[in-house]
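A.B. asks: Just dropping this structure here.
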Amino acid sequence: MTDPPEVLFVCVHNAGRSQMAAALLQHHAQGRVTVRSAGSAPAASINPAVHEVMLELGIDLAHEAPKRLTTGAVEAADVVITMGCGDACPVFPGKRYLDWRLTDPAGKSIEEVRTIRDNIDQRIRGLFAELVNS
């Protein structure tokens, strides 16, 4: 693993789950992990409900935008996490690949998106503990 380790979160539109995961890991890691997110078919903007529930935690996604997944981003990552959205990533030896089965926040109520955010946060805390203790 590189130092600091690099994590890539992948979801088709890169407008919800992967954006929340990246922002939460950046928040908890405070520079001790390099974090990226991307999607194979990026949306035009971040899901407004996602933006709202992240603001509740003091994390502002206003400066973020969905990004296209590239082979280089996957190649650079130590850990690649797909968000249960069926997106496919190039596979490179020596990478750790995880698939977190998460509900898509698109079209969901704020309460439902809050639950998705909290689920992601719990997973992020576990991942971060693994990364800093390995």
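Ordering of the structure tokens sets the chain letters (A, B, ...), residue numbers begin anew at 1 in every chain, and ligands are numbered from 1 in the order given.
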Tell me which protein, DNA and RNA residues are within 10 Å of Gly16 in chain A, counting only C-alpha atoms, leaving out same-chain ones fewer than 3 positions away, and put them as a list in words.

C.D. replies: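 After dropping sequence-adjacent residues, the list is Cys11, Val12, His13, Gln19, Met20, Ala21, Ala43, Ser45, Ile46, Asn47, Pro48, Ala49, Val50, His51, Pro66, Met83, Asp104, Pro105, Ala106, Val113, Ile116 and Arg117 of chain A.
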
A.B. asks: Per DSSP on the backbone, what are the alpha helix (DSSP H) residues of range 49-111 of chain A, as a list in words?

C.D. replies: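 For range 49-111 of chain A, the alpha helix (DSSP H) set is Ala49, Val50, His51, Glu52, Val53, Met54, Leu55, Thr71, Gly72, Ala73, Val74, Glu75, Ala76, Ile110 and Glu111 of chain A.
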
A.B. asks: Can you tell me how far CA of Glu64 in chain A sits from CA of Ala22 in chain A, in Å to one decimal?

C.D. replies: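 So the answer is 10.5 Å.
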
A.B. asks: Grab the CA of Pro93 in chain A to CA of Ile120 in chain A distance for me, in Å with one decimal place.

C.D. replies: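 Answer for the CA of Pro93 in chain A to CA of Ile120 in chain A separation: 26.2 Å.
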
A.B. asks: Please give the complete set of residues from chain A that DSSP, run on the backbone, assigns to strand (DSSP E or B), formatted as a ChimeraX atom specification.

C.D. replies: /A:6-10,34-39,68,79-82,96-99

A.B. asks: Tell me which of A:Tyr97, A:Arg114, A:Gly107, A:Thr71 sits closest to Gly39 in chain A, counting only C-alpha atoms.

C.D. replies: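 Closest candidate: A:Thr71.
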
A.B. asks: Using only C-alpha atoms, which of the listed residues (A:Gly126, A:Pro4, A:Gly31, A:Pro90) sits closest to Val74 in chain A?

C.D. replies: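 Counting only C-alpha atoms, the residue closest to Val74 in chain A is A:Pro90.
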
A.B. asks: Just want the 12 Å neighbourhood of Val35 in chain A, counted on only C-alpha atoms, with same-chain residues fewer than 4 positions away dropped. Output as a ChimeraX atom specification.

C.D. replies: /A:4-10,18-31,73-74,76-81,124,128

A.B. asks: Skip Asp3 in chain A itself and residues of its chain fewer than 3 positions away, then list as a PDB file with all heavy atoms, in the first residue's frame all residues within 9 Å of it, counting only C-alpha atoms.

C.D. replies:
ATOM      1  N   GLU A   6      -4.274   5.208  -0.774  1.00  0.00           N
ATOM      2  CA  GLU A   6      -5.229   5.889  -1.654  1.00  0.00           C
ATOM      3  C   GLU A   6      -6.471   5.024  -1.839  1.00  0.00           C
ATOM      4  O   GLU A   6      -6.365   3.838  -2.134  1.00  0.00           O
ATOM      5  CB  GLU A   6      -4.598   6.179  -3.009  1.00  0.00           C
ATOM      6  CG  GLU A   6      -5.516   6.977  -3.900  1.00  0.00           C
ATOM      7  CD  GLU A   6      -4.817   7.595  -5.090  1.00  0.00           C
ATOM      8  OE1 GLU A   6      -3.625   7.931  -4.985  1.00  0.00           O
ATOM      9  OE2 GLU A   6      -5.481   7.760  -6.129  1.00  0.00           O
ATOM     10  N   ARG A  32      -4.618  11.819   6.168  1.00  0.00           N
ATOM     11  CA  ARG A  32      -3.837  10.579   6.310  1.00  0.00           C
ATOM     12  C   ARG A  32      -4.175   9.541   5.249  1.00  0.00           C
ATOM     13  O   ARG A  32      -3.553   8.481   5.200  1.00  0.00           O
ATOM     14  CB  ARG A  32      -4.024   9.992   7.705  1.00  0.00           C
ATOM     15  CG  ARG A  32      -3.394  10.896   8.782  1.00  0.00           C
ATOM     16  CD  ARG A  32      -3.600  10.344  10.148  1.00  0.00           C
ATOM     17  NE  ARG A  32      -4.974  10.670  10.532  1.00  0.00           N
ATOM     18  CZ  ARG A  32      -5.537  10.292  11.652  1.00  0.00           C
ATOM     19  NH1 ARG A  32      -4.892   9.543  12.507  1.00  0.00           N
ATOM     20  NH2 ARG A  32      -6.779  10.641  11.928  1.00  0.00           N
ATOM     21  N   VAL A  33      -5.156   9.845   4.396  1.00  0.00           N
ATOM     22  CA  VAL A  33      -5.543   8.967   3.287  1.00  0.00           C
ATOM     23  C   VAL A  33      -5.811   9.867   2.083  1.00  0.00           C
ATOM     24  O   VAL A  33      -6.422  10.923   2.222  1.00  0.00           O
ATOM     25  CB  VAL A  33      -6.822   8.164   3.640  1.00  0.00           C
ATOM     26  CG1 VAL A  33      -7.269   7.310   2.462  1.00  0.00           C
ATOM     27  CG2 VAL A  33      -6.615   7.298   4.880  1.00  0.00           C
ATOM     28  N   THR A  34      -5.358   9.449   0.916  1.00  0.00           N
ATOM     29  CA  THR A  34      -5.700  10.151  -0.319  1.00  0.00           C
ATOM     30  C   THR A  34      -7.023   9.568  -0.795  1.00  0.00           C
ATOM     31  O   THR A  34      -7.173   8.349  -0.885  1.00  0.00           O
ATOM     32  CB  THR A  34      -4.615   9.956  -1.382  1.00  0.00           C
ATOM     33  OG1 THR A  34      -3.378  10.460  -0.872  1.00  0.00           O
ATOM     34  CG2 THR A  34      -4.964  10.681  -2.669  1.00  0.00           C
TER      35      THR A  34
END

A.B. asks: My list of candidates is A:Asp99, A:Val132, A:Phe92, A:Asp118. Which is closest to Gly72 in chain A when distances are computed with only C-alpha atoms?

C.D. replies: A:Phe92

A.B. asks: Can you work out the spacing between CA of Lys67 in chain A and CA of Ala38 in chain A in Å, to one decimal?

C.D. replies: 4.8 Å
